Every structure is written in C-alpha cells, then in structure tokens.
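The structure file final.json is reproduced below (JSON, C-alpha atoms).
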[["chain", "number", "residue", "atom", "x", "y", "z"],
["A", 1, "MET", "CA", 0.00, 0.00, 0.00],
["A", 2, "SER", "CA", 2.88, 2.36, 0.88],
["A", 3, "ASP", "CA", 4.49, 1.65, -2.50],
["A", 4, "ILE", "CA", 1.31, 2.75, -4.27],
["A", 5, "LYS", "CA", 1.21, 6.02, -2.26],
["A", 6, "GLU", "CA", 4.84, 6.77, -3.05],
["A", 7, "GLU", "CA", 4.21, 6.17, -6.75],
["A", 8, "LEU", "CA", 1.19, 8.47, -6.73],
["A", 9, "ALA", "CA", 3.18, 11.19, -4.91],
["A", 10, "LYS", "CA", 5.98, 11.00, -7.50],
["A", 11, "ARG", "CA", 3.50, 11.33, -10.35],
["A", 12, "ALA", "CA", 1.80, 14.31, -8.69],
["A", 13, "SER", "CA", 5.17, 16.04, -8.15],
["A", 14, "SER", "CA", 6.14, 15.42, -11.77],
["A", 15, "LEU", "CA", 2.81, 16.82, -12.98],
["A", 16, "ARG", "CA", 3.20, 19.98, -10.84],
["A", 17, "LYS", "CA", 6.70, 20.59, -12.23],
["A", 18, "LYS", "CA", 5.42, 20.18, -15.78],
["A", 19, "GLU", "CA", 2.54, 22.64, -15.20],
["A", 20, "SER", "CA", 4.94, 25.10, -13.56],
["A", 21, "GLY", "CA", 7.23, 24.89, -16.58],
["A", 22, "ASN", "CA", 4.32, 25.55, -18.95],
["A", 23, "GLU", "CA", 3.29, 28.62, -16.93],
["A", 24, "MET", "CA", 6.84, 30.01, -17.07],
["A", 25, "GLY", "CA", 6.96, 29.40, -20.80],
["A", 26, "GLN", "CA", 3.64, 31.17, -21.30],
["A", 27, "LYS", "CA", 4.80, 34.10, -19.15],
["A", 28, "GLU", "CA", 8.02, 34.42, -21.15],
["A", 29, "ALA", "CA", 6.03, 34.34, -24.39],
["A", 30, "VAL", "CA", 3.69, 37.08, -23.10],
["A", 31, "ASP", "CA", 6.64, 39.22, -21.93],
["A", 32, "LYS", "CA", 8.37, 38.75, -25.28],
["A", 33, "LEU", "CA", 5.20, 39.72, -27.12],
["A", 34, "GLY", "CA", 4.81, 42.75, -24.88],
["A", 35, "CYS", "CA", 8.37, 43.89, -25.63],
["A", 36, "GLU", "CA", 7.76, 43.55, -29.35],
["A", 37, "LYS", "CA", 4.56, 45.59, -29.12],
["A", 38, "ALA", "CA", 6.27, 48.24, -27.02],
["A", 39, "PHE", "CA", 8.30, 49.38, -30.04],
["A", 40, "VAL", "CA", 6.26, 52.35, -31.28],
["A", 41, "ARG", "CA", 5.53, 52.21, -34.99],
["A", 42, "LEU", "CA", 6.24, 55.00, -37.48],
["A", 43, "LEU", "CA", 3.54, 57.40, -38.63],
["A", 44, "ARG", "CA", 1.59, 56.70, -41.81],
["A", 45, "ALA", "CA", 1.03, 59.40, -44.44],
["A", 46, "ASP", "CA", -2.65, 59.80, -43.53],
["A", 47, "GLU", "CA", -1.71, 60.46, -39.88],
["A", 48, "ILE", "CA", 0.51, 63.45, -40.71],
["A", 49, "GLU", "CA", -0.83, 66.97, -41.25],
["A", 50, "CYS", "CA", 0.75, 69.99, -42.93],
["A", 51, "ARG", "CA", 0.74, 73.45, -41.39],
["A", 52, "VAL", "CA", 1.89, 76.71, -43.01],
["A", 53, "SER", "CA", 4.90, 78.02, -41.08],
["A", 54, "THR", "CA", 6.04, 81.12, -43.01],
["A", 55, "ILE", "CA", 4.57, 82.85, -46.06],
["A", 56, "ASN", "CA", 5.55, 85.76, -48.29],
["A", 57, "GLU", "CA", 5.21, 86.88, -51.90],
["A", 58, "ARG", "CA", 7.75, 84.28, -53.04],
["A", 59, "GLY", "CA", 6.06, 81.26, -51.49],
["A", 60, "LEU", "CA", 5.46, 79.47, -48.21],
["A", 61, "SER", "CA", 7.05, 76.84, -45.97],
["A", 62, "LEU", "CA", 5.29, 73.90, -44.33],
["A", 63, "LEU", "CA", 5.73, 72.00, -41.08],
["A", 64, "LEU", "CA", 4.66, 68.40, -40.47],
["A", 65, "PHE", "CA", 2.77, 67.60, -37.28],
["A", 66, "LYS", "CA", 0.48, 65.05, -35.60],
["A", 67, "ASP", "CA", -2.59, 65.65, -33.44],
["A", 68, "ALA", "CA", -3.56, 64.22, -30.04],
["A", 69, "ARG", "CA", -5.99, 61.72, -31.58],
["A", 70, "VAL", "CA", -3.12, 60.05, -33.44],
["A", 71, "ASP", "CA", -1.13, 59.86, -30.20],
["A", 72, "GLN", "CA", -4.03, 58.20, -28.38],
["A", 73, "LYS", "CA", -4.59, 55.71, -31.16],
["A", 74, "ILE", "CA", -0.93, 54.63, -31.31],
["A", 75, "LEU", "CA", -0.69, 54.36, -27.52],
["A", 76, "ASP", "CA", -3.79, 52.13, -27.54],
["A", 77, "GLU", "CA", -2.34, 49.99, -30.34],
["A", 78, "THR", "CA", 1.07, 49.66, -28.70],
["A", 79, "PHE", "CA", 0.29, 49.32, -24.99],
["A", 80, "THR", "CA", -3.52, 48.58, -25.04],
["A", 81, "PRO", "CA", -6.05, 51.06, -23.61],
["A", 82, "PHE", "CA", -5.30, 49.74, -20.09],
["A", 83, "GLY", "CA", -1.51, 49.90, -20.44],
["A", 84, "TRP", "CA", -1.03, 53.68, -20.33],
["A", 85, "LYS", "CA", -2.43, 56.69, -18.49],
["A", 86, "ARG", "CA", -2.23, 60.45, -18.68],
["A", 87, "THR", "CA", -2.20, 63.12, -15.97],
["A", 88, "HIS", "CA", -1.59, 66.89, -15.89],
["A", 89, "GLN", "CA", 0.26, 69.03, -13.36],
["A", 90, "ILE", "CA", 0.91, 72.76, -13.00],
["A", 91, "ILE", "CA", 4.56, 73.54, -12.24],
["A", 92, "ASP", "CA", 5.67, 77.19, -11.87],
["A", 93, "GLY", "CA", 2.49, 78.30, -13.62],
["A", 94, "ASN", "CA", 3.03, 76.03, -16.64],
["A", 95, "LEU", "CA", 0.88, 73.04, -17.54],
["A", 96, "TYR", "CA", 2.76, 69.73, -17.79],
["A", 97, "CYS", "CA", 1.54, 66.34, -19.00],
["A", 98, "THR", "CA", 2.79, 62.99, -17.70],
["A", 99, "VAL", "CA", 2.25, 59.87, -19.81],
["A", 100, "GLU", "CA", 2.81, 56.62, -17.90],
["A", 101, "ILE", "CA", 3.30, 53.16, -19.39],
["A", 102, "TRP", "CA", 2.90, 49.93, -17.41],
["A", 103, "ASP", "CA", 6.08, 47.83, -17.29],
["A", 104, "SER", "CA", 5.05, 44.20, -16.69],
["A", 105, "GLU", "CA", 8.62, 43.12, -15.89],
["A", 106, "LYS", "CA", 9.19, 45.72, -13.17],
["A", 107, "CYS", "CA", 5.49, 45.70, -12.18],
["A", 108, "GLN", "CA", 5.41, 49.50, -12.06],
["A", 109, "TRP", "CA", 4.43, 52.57, -14.07],
["A", 110, "ILE", "CA", 7.20, 54.29, -16.09],
["A", 111, "SER", "CA", 6.50, 57.99, -16.66],
["A", 112, "LYS", "CA", 7.71, 60.66, -19.09],
["A", 113, "GLN", "CA", 6.73, 64.31, -18.85],
["A", 114, "ASP", "CA", 6.78, 67.50, -20.92],
["A", 115, "VAL", "CA", 5.36, 71.02, -20.85],
["A", 116, "GLY", "CA", 2.88, 72.60, -23.28],
["A", 117, "THR", "CA", 2.74, 75.99, -24.98],
["A", 118, "THR", "CA", -0.17, 78.40, -25.03],
["A", 119, "SER", "CA", -2.71, 78.14, -27.84],
["A", 120, "TYR", "CA", -4.01, 81.27, -29.54],
["A", 121, "SER", "CA", -7.62, 80.03, -29.45],
["A", 122, "GLU", "CA", -8.28, 78.12, -26.22],
["A", 123, "LYS", "CA", -5.48, 78.61, -23.68],
["A", 124, "GLU", "CA", -6.18, 75.75, -21.24],
["A", 125, "LYS", "CA", -7.25, 73.22, -23.87],
["A", 126, "GLY", "CA", -4.35, 74.18, -26.14],
["A", 127, "GLN", "CA", -1.78, 73.77, -23.37],
["A", 128, "ALA", "CA", -3.24, 70.41, -22.32],
["A", 129, "SER", "CA", -3.20, 69.05, -25.87],
["A", 130, "ASP", "CA", 0.26, 70.40, -26.63],
["A", 131, "SER", "CA", 1.80, 69.05, -23.42],
["A", 132, "PHE", "CA", 0.26, 65.63, -24.13],
["A", 133, "LYS", "CA", 1.66, 65.56, -27.67],
["A", 134, "ARG", "CA", 5.10, 66.59, -26.40],
["A", 135, "ALA", "CA", 5.04, 63.88, -23.74],
["A", 136, "CYS", "CA", 4.16, 61.34, -26.45],
["A", 137, "PHE", "CA", 7.18, 62.52, -28.43],
["A", 138, "ASN", "CA", 9.24, 61.45, -25.41],
["A", 139, "TRP", "CA", 7.80, 57.96, -25.81],
["A", 140, "GLY", "CA", 8.77, 57.96, -29.51],
["A", 141, "VAL", "CA", 5.33, 58.64, -31.00],
["A", 142, "GLY", "CA", 5.97, 60.70, -34.14],
["A", 143, "ARG", "CA", 9.56, 61.50, -33.20],
["A", 144, "GLU", "CA", 10.51, 60.87, -36.84],
["A", 145, "LEU", "CA", 8.86, 64.20, -37.77],
["A", 146, "TYR", "CA", 11.92, 65.96, -36.32],
["A", 147, "THR", "CA", 13.89, 64.58, -39.30],
["A", 148, "ALA", "CA", 11.63, 66.25, -41.90],
["A", 149, "PRO", "CA", 13.36, 68.35, -44.60],
["A", 150, "PHE", "CA", 12.78, 72.05, -45.15],
["A", 151, "ILE", "CA", 9.56, 72.15, -47.19],
["A", 152, "TRP", "CA", 9.24, 75.19, -49.47],
["A", 153, "ILE", "CA", 6.32, 75.72, -51.87],
["A", 154, "GLY", "CA", 7.01, 78.39, -54.49],
["A", 155, "ALA", "CA", 4.42, 81.05, -55.34],
["A", 156, "GLY", "CA", 3.82, 79.32, -58.68],
["A", 157, "HIS", "CA", 2.49, 76.27, -56.83],
["A", 158, "ALA", "CA", 0.29, 78.07, -54.29],
["A", 159, "THR", "CA", -2.41, 80.72, -54.19],
["A", 160, "ILE", "CA", -1.01, 83.57, -52.10],
["A", 161, "GLN", "CA", -2.97, 86.71, -51.33],
["A", 162, "LYS", "CA", -2.10, 89.88, -49.44],
["A", 163, "LYS", "CA", -4.62, 91.30, -46.98],
["A", 164, "ASP", "CA", -3.89, 94.16, -44.59],
["A", 165, "ASN", "CA", -0.14, 93.96, -45.29],
["A", 166, "LYS", "CA", -0.20, 90.26, -44.46],
["A", 167, "PHE", "CA", 0.24, 87.34, -46.85],
["A", 168, "THR", "CA", -2.26, 84.49, -46.56],
["A", 169, "THR", "CA", -3.31, 81.37, -48.47],
["A", 170, "SER", "CA", -6.48, 79.31, -48.58],
["A", 171, "ASP", "CA", -4.67, 76.28, -50.03],
["A", 172, "ARG", "CA", -4.60, 73.03, -48.09],
["A", 173, "PHE", "CA", -1.72, 70.58, -48.30],
["A", 174, "SER", "CA", -1.41, 66.91, -47.34],
["A", 175, "VAL", "CA", 1.19, 64.15, -47.29],
["A", 176, "GLN", "CA", 0.58, 61.77, -50.18],
["A", 177, "SER", "CA", 3.41, 59.36, -49.36],
["A", 178, "ILE", "CA", 6.29, 59.04, -46.91],
["A", 179, "SER", "CA", 9.03, 56.49, -46.23],
["A", 180, "TYR", "CA", 11.81, 56.05, -43.68],
["A", 181, "ASN", "CA", 15.31, 54.59, -43.52],
["A", 182, "GLU", "CA", 16.66, 52.09, -41.00],
["A", 183, "GLN", "CA", 17.40, 54.91, -38.55],
["A", 184, "ARG", "CA", 13.67, 55.86, -38.57],
["A", 185, "GLU", "CA", 14.49, 59.07, -40.46],
["A", 186, "ILE", "CA", 12.39, 60.45, -43.31],
["A", 187, "ASN", "CA", 14.12, 59.65, -46.62],
["A", 188, "ALA", "CA", 11.28, 60.21, -49.12],
["A", 189, "LEU", "CA", 8.29, 62.54, -49.05],
["A", 190, "VAL", "CA", 5.57, 63.70, -51.46],
["A", 191, "ILE", "CA", 3.17, 66.57, -50.64],
["A", 192, "VAL", "CA", 0.13, 67.51, -52.72],
["A", 193, "ASN", "CA", -2.30, 70.42, -52.61],
["A", 194, "GLY", "CA", -6.06, 70.20, -52.14],
["A", 195, "LYS", "CA", -6.55, 69.41, -55.84],
["A", 196, "GLY", "CA", -4.12, 66.50, -55.78],
["A", 197, "PHE", "CA", -1.28, 68.27, -57.62],
["A", 198, "LYS", "CA", 2.23, 67.42, -56.41],
["A", 199, "VAL", "CA", 3.89, 70.54, -54.99],
["A", 200, "PHE", "CA", 6.87, 69.05, -53.15],
["A", 201, "GLU", "CA", 8.91, 65.87, -53.52],
["A", 202, "MET", "CA", 11.90, 64.55, -51.61],
["A", 203, "LYS", "CA", 13.39, 61.50, -53.30],
["A", 204, "PRO", "CA", 15.44, 58.88, -51.44],
["A", 205, "LYS", "CA", 19.19, 59.27, -51.78],
["A", 206, "GLN", "CA", 20.76, 56.73, -54.12],
["A", 207, "LYS", "CA", 23.87, 54.90, -53.00],
["A", 208, "ASN", "CA", 27.03, 55.60, -54.99],
["A", 209, "ARG", "CA", 28.15, 52.98, -57.47],
["A", 210, "GLN", "CA", 30.64, 50.44, -56.14],
["A", 211, "ASP", "CA", 32.70, 50.28, -59.33],
["A", 212, "THR", "CA", 33.74, 53.96, -58.97],
["A", 213, "GLY", "CA", 35.02, 53.66, -55.42],
["A", 214, "ASN", "CA", 31.85, 55.28, -53.96],
["A", 215, "GLN", "CA", 32.95, 58.69, -55.27],
["A", 216, "GLN", "CA", 30.49, 61.02, -56.94],
["A", 217, "ASN", "CA", 31.28, 62.55, -60.30],
["A", 218, "THR", "CA", 31.70, 66.23, -59.37],
["A", 219, "GLY", "CA", 33.46, 67.48, -62.49],
["A", 220, "GLY", "CA", 32.25, 68.14, -66.00],
["A", 221, "LYS", "CA", 34.00, 65.05, -67.38],
["A", 222, "PRO", "CA", 32.24, 61.72, -67.90],
["A", 223, "ASP", "CA", 32.81, 59.04, -65.26],
["A", 224, "GLU", "CA", 34.57, 55.73, -65.88],
["A", 225, "GLY", "CA", 31.38, 53.99, -66.90],
["A", 226, "GLN", "CA", 30.63, 56.63, -69.50],
["A", 227, "GLU", "CA", 34.17, 56.55, -70.84],
["A", 228, "ALA", "CA", 33.87, 52.78, -71.24],
["A", 229, "GLU", "CA", 30.77, 53.29, -73.35],
["A", 230, "TYR", "CA", 32.58, 55.80, -75.54],
["A", 231, "LYS", "CA", 35.47, 53.38, -76.10],
["A", 232, "GLU", "CA", 33.03, 50.82, -77.42],
["A", 233, "LYS", "CA", 32.42, 53.17, -80.37],
["A", 234, "PRO", "CA", 35.83, 53.62, -82.06],
["A", 235, "SER", "CA", 36.29, 56.17, -84.83],
["A", 236, "ARG", "CA", 38.89, 56.62, -87.56],
["A", 237, "GLU", "CA", 39.34, 60.28, -86.66],
["A", 238, "THR", "CA", 41.88, 61.23, -84.03],
["A", 239, "GLY", "CA", 40.29, 62.34, -80.74],
["A", 240, "SER", "CA", 36.77, 61.35, -81.84],
["A", 241, "SER", "CA", 35.94, 59.83, -78.43],
["A", 242, "LYS", "CA", 36.74, 63.09, -76.70],
["A", 243, "LYS", "CA", 34.74, 65.05, -79.25],
["A", 244, "PHE", "CA", 31.81, 62.69, -78.87],
["A", 245, "GLY", "CA", 31.83, 63.19, -75.10],
["A", 246, "GLN", "CA", 31.94, 66.96, -75.46],
["A", 247, "GLU", "CA", 29.05, 66.96, -77.93],
["A", 248, "LEU", "CA", 27.03, 64.70, -75.66],
["A", 249, "GLY", "CA", 27.69, 66.98, -72.69],
["A", 250, "SER", "CA", 26.59, 70.01, -74.71],
["A", 251, "LEU", "CA", 23.38, 68.25, -75.73],
["A", 252, "GLN", "CA", 22.66, 67.28, -72.14],
["A", 253, "LYS", "CA", 23.20, 70.84, -70.93],
["A", 254, "ALA", "CA", 20.97, 72.16, -73.70],
["A", 255, "GLY", "CA", 18.28, 69.66, -72.78],
["A", 256, "GLN", "CA", 18.48, 70.62, -69.10],
["A", 257, "LYS", "CA", 18.25, 74.31, -69.96],
["A", 258, "SER", "CA", 15.24, 73.61, -72.16],
["A", 259, "GLU", "CA", 13.51, 71.75, -69.34],
["A", 260, "GLU", "CA", 14.22, 74.60, -66.91],
["A", 261, "ASN", "CA", 12.59, 77.09, -69.28],
["A", 262, "ARG", "CA", 9.33, 75.15, -69.44],
["A", 263, "ILE", "CA", 6.44, 75.41, -67.02],
["A", 264, "THR", "CA", 5.17, 72.30, -65.24],
["A", 265, "ASP", "CA", 1.89, 70.49, -65.88],
["A", 266, "MET", "CA", 0.56, 71.79, -62.59],
["A", 267, "GLN", "CA", 1.38, 75.38, -63.56],
["A", 268, "LYS", "CA", -0.45, 74.83, -66.85],
["A", 269, "ALA", "CA", -3.49, 73.57, -64.94],
["A", 270, "ILE", "CA", -3.45, 76.59, -62.58],
["A", 271, "LEU", "CA", -3.16, 78.95, -65.54],
["A", 272, "GLU", "CA", -6.07, 77.25, -67.32],
["A", 273, "GLN", "CA", -8.21, 77.58, -64.19],
["A", 274, "GLU", "CA", -7.51, 81.31, -64.01],
["A", 275, "LEU", "CA", -8.31, 81.70, -67.71],
["A", 276, "LYS", "CA", -11.59, 79.89, -67.17],
["A", 277, "ARG", "CA", -12.41, 82.00, -64.11],
["A", 278, "THR", "CA", -11.73, 85.33, -65.81],
["A", 279, "GLY", "CA", -12.96, 84.35, -69.27],
["A", 280, "VAL", "CA", -9.76, 85.65, -70.88],
["A", 281, "PRO", "CA", -8.93, 83.71, -74.08],
["A", 282, "ILE", "CA", -5.58, 81.93, -74.11],
["A", 283, "GLU", "CA", -4.85, 83.55, -77.46],
["A", 284, "ASN", "CA", -4.82, 86.99, -75.82],
["A", 285, "VAL", "CA", -2.22, 85.89, -73.28],
["A", 286, "LEU", "CA", -0.01, 84.29, -75.94],
["A", 287, "ALA", "CA", -0.21, 87.35, -78.16],
["A", 288, "ARG", "CA", 0.62, 89.69, -75.30],
["A", 289, "TYR", "CA", 3.89, 87.87, -74.61],
["A", 290, "LYS", "CA", 4.63, 87.23, -78.31],
["A", 291, "ILE", "CA", 4.54, 83.42, -78.17],
["A", 292, "HIS", "CA", 2.55, 81.06, -80.38],
["A", 293, "LYS", "CA", 1.66, 78.18, -78.04],
["A", 294, "LEU", "CA", 1.48, 77.35, -74.33],
["A", 295, "GLU", "CA", 4.53, 75.05, -74.54],
["A", 296, "GLN", "CA", 6.70, 78.11, -75.31],
["A", 297, "MET", "CA", 5.76, 79.81, -72.04],
["A", 298, "THR", "CA", 8.69, 80.24, -69.62],
["A", 299, "PRO", "CA", 8.38, 80.39, -65.82],
["A", 300, "GLU", "CA", 9.03, 84.14, -65.97],
["A", 301, "ILE", "CA", 6.18, 84.71, -68.44],
["A", 302, "TYR", "CA", 3.97, 82.36, -66.42],
["A", 303, "THR", "CA", 4.50, 84.38, -63.23],
["A", 304, "LYS", "CA", 3.65, 87.66, -64.99],
["A", 305, "ALA", "CA", 0.59, 86.18, -66.72],
["A", 306, "LEU", "CA", -0.74, 84.57, -63.55],
["A", 307, "SER", "CA", -0.25, 87.77, -61.57],
["A", 308, "GLY", "CA", -2.23, 89.71, -64.15],
["A", 309, "LEU", "CA", -5.04, 87.16, -64.22],
["A", 310, "LYS", "CA", -5.35, 87.09, -60.44],
["A", 311, "LYS", "CA", -5.93, 90.86, -60.50],
["A", 312, "SER", "CA", -8.79, 90.38, -62.99],
["A", 313, "LYS", "CA", -12.37, 89.93, -61.86],
["A", 314, "THR", "CA", -14.27, 86.67, -62.19],
["A", 315, "LYS", "CA", -16.21, 86.38, -65.46],
["A", 316, "GLU", "CA", -19.62, 86.29, -63.73],
["A", 317, "ALA", "CA", -18.81, 89.34, -61.56],
["A", 318, "ALA", "CA", -17.34, 91.41, -64.40]]
Is it possible to express this structure as structure tokens?
Amino acid sequence: MSDIKEELAKRASSLRKKESGNEMGQKEAVDKLGCEKAFVRLLRADEIECRVSTINERGLSLLLFKDARVDQKILDETFTPFGWKRTHQIIDGNLYCTVEIWDSEKCQWISKQDVGTTSYSEKEKGQASDSFKRACFNWGVGRELYTAPFIWIGAGHATIQKKDNKFTTSDRFSVQSISYNEQREINALVIVNGKGFKVFEMKPKQKNRQDTGNQQNTGGKPDEGQEAEYKEKPSRETGSSKKFGQELGSLQKAGQKSEENRITDMQKAILEQELKRTGVPIENVLARYKIHKLEQMTPEIYTKALSGLKKSKTKEAA
C-alpha cells in the first residue's frame, strides 16, 4: 500500500513541475510579445498633417505635425487602452503632462513628462493638448517628424494673397506618401495640394556605385562607366571619343536648360483655371507675350501672366 502512495506522490510532483514549466513558458512568451509591441511604430502618411509656417510673396514653408488623436490611437495599439495613463500638473504656472506606461517586468508605471505651450484660441485646452503631444514625443510617438526636410512651396504652386499687409493662403496641403530609412528618419516625401497636384517631392538618396570607389562625379567630365561606353564606339578620326563626349555633354546641358525654361503640368493647370475663371482667351495671353503656343511659355512669363489674371475679376462678376 505504501508503494502505491509513493508512486502516486511521484507522479503528482512530476505533474506539478510540468505545469509550472508551462506557466513560465507562457509568461516568457507574453513578456516577449509585450516587448515587441512596445516598439512604437512610425507614422503613416494619412496620420501626418501639414501646417503653413512662413509665407511671403515668393512662397510658403510647411511644417509636419500630428494631433492628439493620433497619439491616443498609437498608444492604444502599442500598450492597449489599459496599459497607459495620462495626468496633468501645473509647475511654476506652466501646464505639464505625464504619460505613464505599465512595465510588466518591473510591475510599475514608467512615466515621461513635458510642458505645453499656449494656444491662440483656447489657452487651457491648447496647453493640455500640446503638453500631451510633447510627452508622447518622449515615448517615440511621431519623433521621426523631427527629421523632416525644409519644405518650401514656391508662389507658382500656391495661391497667395495679401490682406492688410499680411500674406495668406487658402490652399490646403497633405502628405501623399512618406518612407523612412533604417534609422527611422524620413528619406522620401511627397506633398500635394487640395486638388491633388504634387507641390513638393523629396526622393530617397541613391547609393554611390561600387565600381567607382563610392565617389560622386563632381566634375564636367564623364565618369569611368561613360568613358567605357565611348570606347566601345571607335572612330577613324583622331580624338573622336573626346569630341563625342563633349558633344554629348553640350546636348545634355541644352536639354536641361530647355527643361528649366518650361512650365510644369501643374502650372499649366493653374493657368487654365484662371483663364476659365476670368474668361480671358488663351490667345490673348499668348499674343501679349509674343509666343505662339502654351509650350513656349517660360516660368518668368507664367509668373507675370498669372499675376495679371489674379488681379482680374471673375467672369460672372465682371
């Protein structure tokens, strides 16, 4: 009888050890999953807004920002709605926000804090929202926006008006696409206006070619790859390869100059809208600047023509 009891006790002990091991394994899996989720994701294009920073007669600059709703959504996604909390404190007359995240390993709340700035519309609400967004930056939410490039929109790509010695615009801009590098820095960006026309583009930097020792071609001479192509086309005349390279360079420069003297498709569309609004025939504009077709219009002529049209009344009001 005692042998049976001993056998049953051994089996029970073995079963308890096995269950304990399973619980530890499950806990480790949960902790590992929690650590993976705790890495805050990067912002999507539709979560980023554009705000006019400076504006003058030559154009305007934009800043990229996020709002408090985006912060709340990402915190919920990353830490769950029960894994973070927010409180506000007044320190030396300034409103601070503290965002706390629950650390399951330490079994305690980890807090990060920042101060807000005054809003021009609603002081208390503006400070509360701004301090919350700044505290979320400390947790990494939207921190990649600090790596944004300088965004300048020329006057030819925006509607700028002057009222009471102050330049303003009614245009709205949005981020169409955005991408990041391995360091979570912005490396490509496309911004469009309210009509969907592209007004700013930052292209990703291309890595230098390995076969040229990672050195960029800074002079006016062709690089080694180009010279190899020229050598594949031998000529009976002495120095023909050099001449061919010079002619090709001249053609490329001429082509670039030609492209620079043409207006963009978006500028054409803006001009056509103004012509439609004012009822001025395109033939009148072409004749005034002594050109025969729209393709001959240079950016300088475009600026003058658009300025004149904007001063004209709308067809219905005239």
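Interatomic distance, CA of Phe82 in chain A against CA of Glu144 in chain A: 25.6 Å.
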(message) Please determine, counting all atoms listed in the file, which residue among A:Cys107, A:Ala188, A:Ile101, A:Ala68 has the shortest atom-to-atom distance to Gln127 in chain A.
(response) A:Ala68
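Here CA of Thr159 in chain A and CA of Gln176 in chain A stand 19.6 Å from one another.
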(message) Could you tell me how far CA of Cys50 in chain A sits from CA of Ala135 in chain A, in Å to one decimal place?
(response) 20.6 Å
(message) For range 74-81 of chain A, find every residue with an atom within 10 Å (counting all atoms listed in the file), except residues of its own chain fewer than 2 positions away, and show them as a PyMOL selection string.
(response) chain A and resi 34-43+69-72+83-85+99+101-103+136+139+141-142
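The shortest atom-to-atom distance to Ile301 in chain A, with all atoms listed in the file taken into account, belongs to A:Arg262 out of A:Arg143, A:Arg262, A:Lys276, A:Arg51.
Near Val280 in chain A, within 10 Å and counting only C-alpha atoms, sit Glu272, Glu274, Leu275, Lys276, Arg277, Glu283, Asn284, Val285, Leu309, Ser312, Thr314 and Lys315 of chain A, not including residues fewer than 3 positions from it in the same chain.
Minimum atom-to-atom distances from A:Lys205, A:Tyr146, A:Val199, A:Leu286 to Glu185 in chain A were compared using all atoms listed in the file, and the lowest value belongs to A:Tyr146.
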(request) Write out as number ranges by chain each polymer residue whose atoms come within 6 Å of Leu189 in chain A, counting all atoms listed in the file; drop sequence neighbours fewer than 4 positions from it. (result) A: 177-178, 201-202
With C-alpha atoms kept, could you save the residues just selected as an mmCIF file, in the coordinates of the input?
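Listed below is the output, result.cif:
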data_model
loop_
_atom_site.group_PDB
_atom_site.id
_atom_site.type_symbol
_atom_site.label_atom_id
_atom_site.label_comp_id
_atom_site.auth_asym_id
_atom_site.auth_seq_id
_atom_site.Cartn_x
_atom_site.Cartn_y
_atom_site.Cartn_z
ATOM 1 C CA SER A 177 3.410 59.360 -49.360
ATOM 2 C CA ILE A 178 6.290 59.040 -46.910
ATOM 3 C CA GLU A 201 8.910 65.870 -53.520
ATOM 4 C CA MET A 202 11.900 64.550 -51.610
#
(message) For Ala269 in chain A, find every residue with an atom within 12 Å (counting all atoms listed in the file), except residues of its own chain fewer than 4 positions away, and show them as a list in words.
(response) Gly156, His157, Lys195, Gly196, Phe197, Lys198, Ile263, Thr264, Asp265, Gln273, Glu274, Leu275, Lys276, Leu294, Tyr302 and Leu306 of chain A
(request) Fewer than 5 positions away in the same chain doesn't count, so skip those; otherwise give me all residues within 9 Å of Asn261 in chain A, counting all atoms listed in the file, as a PyMOL selection string. (result) chain A and resi 256+296-300
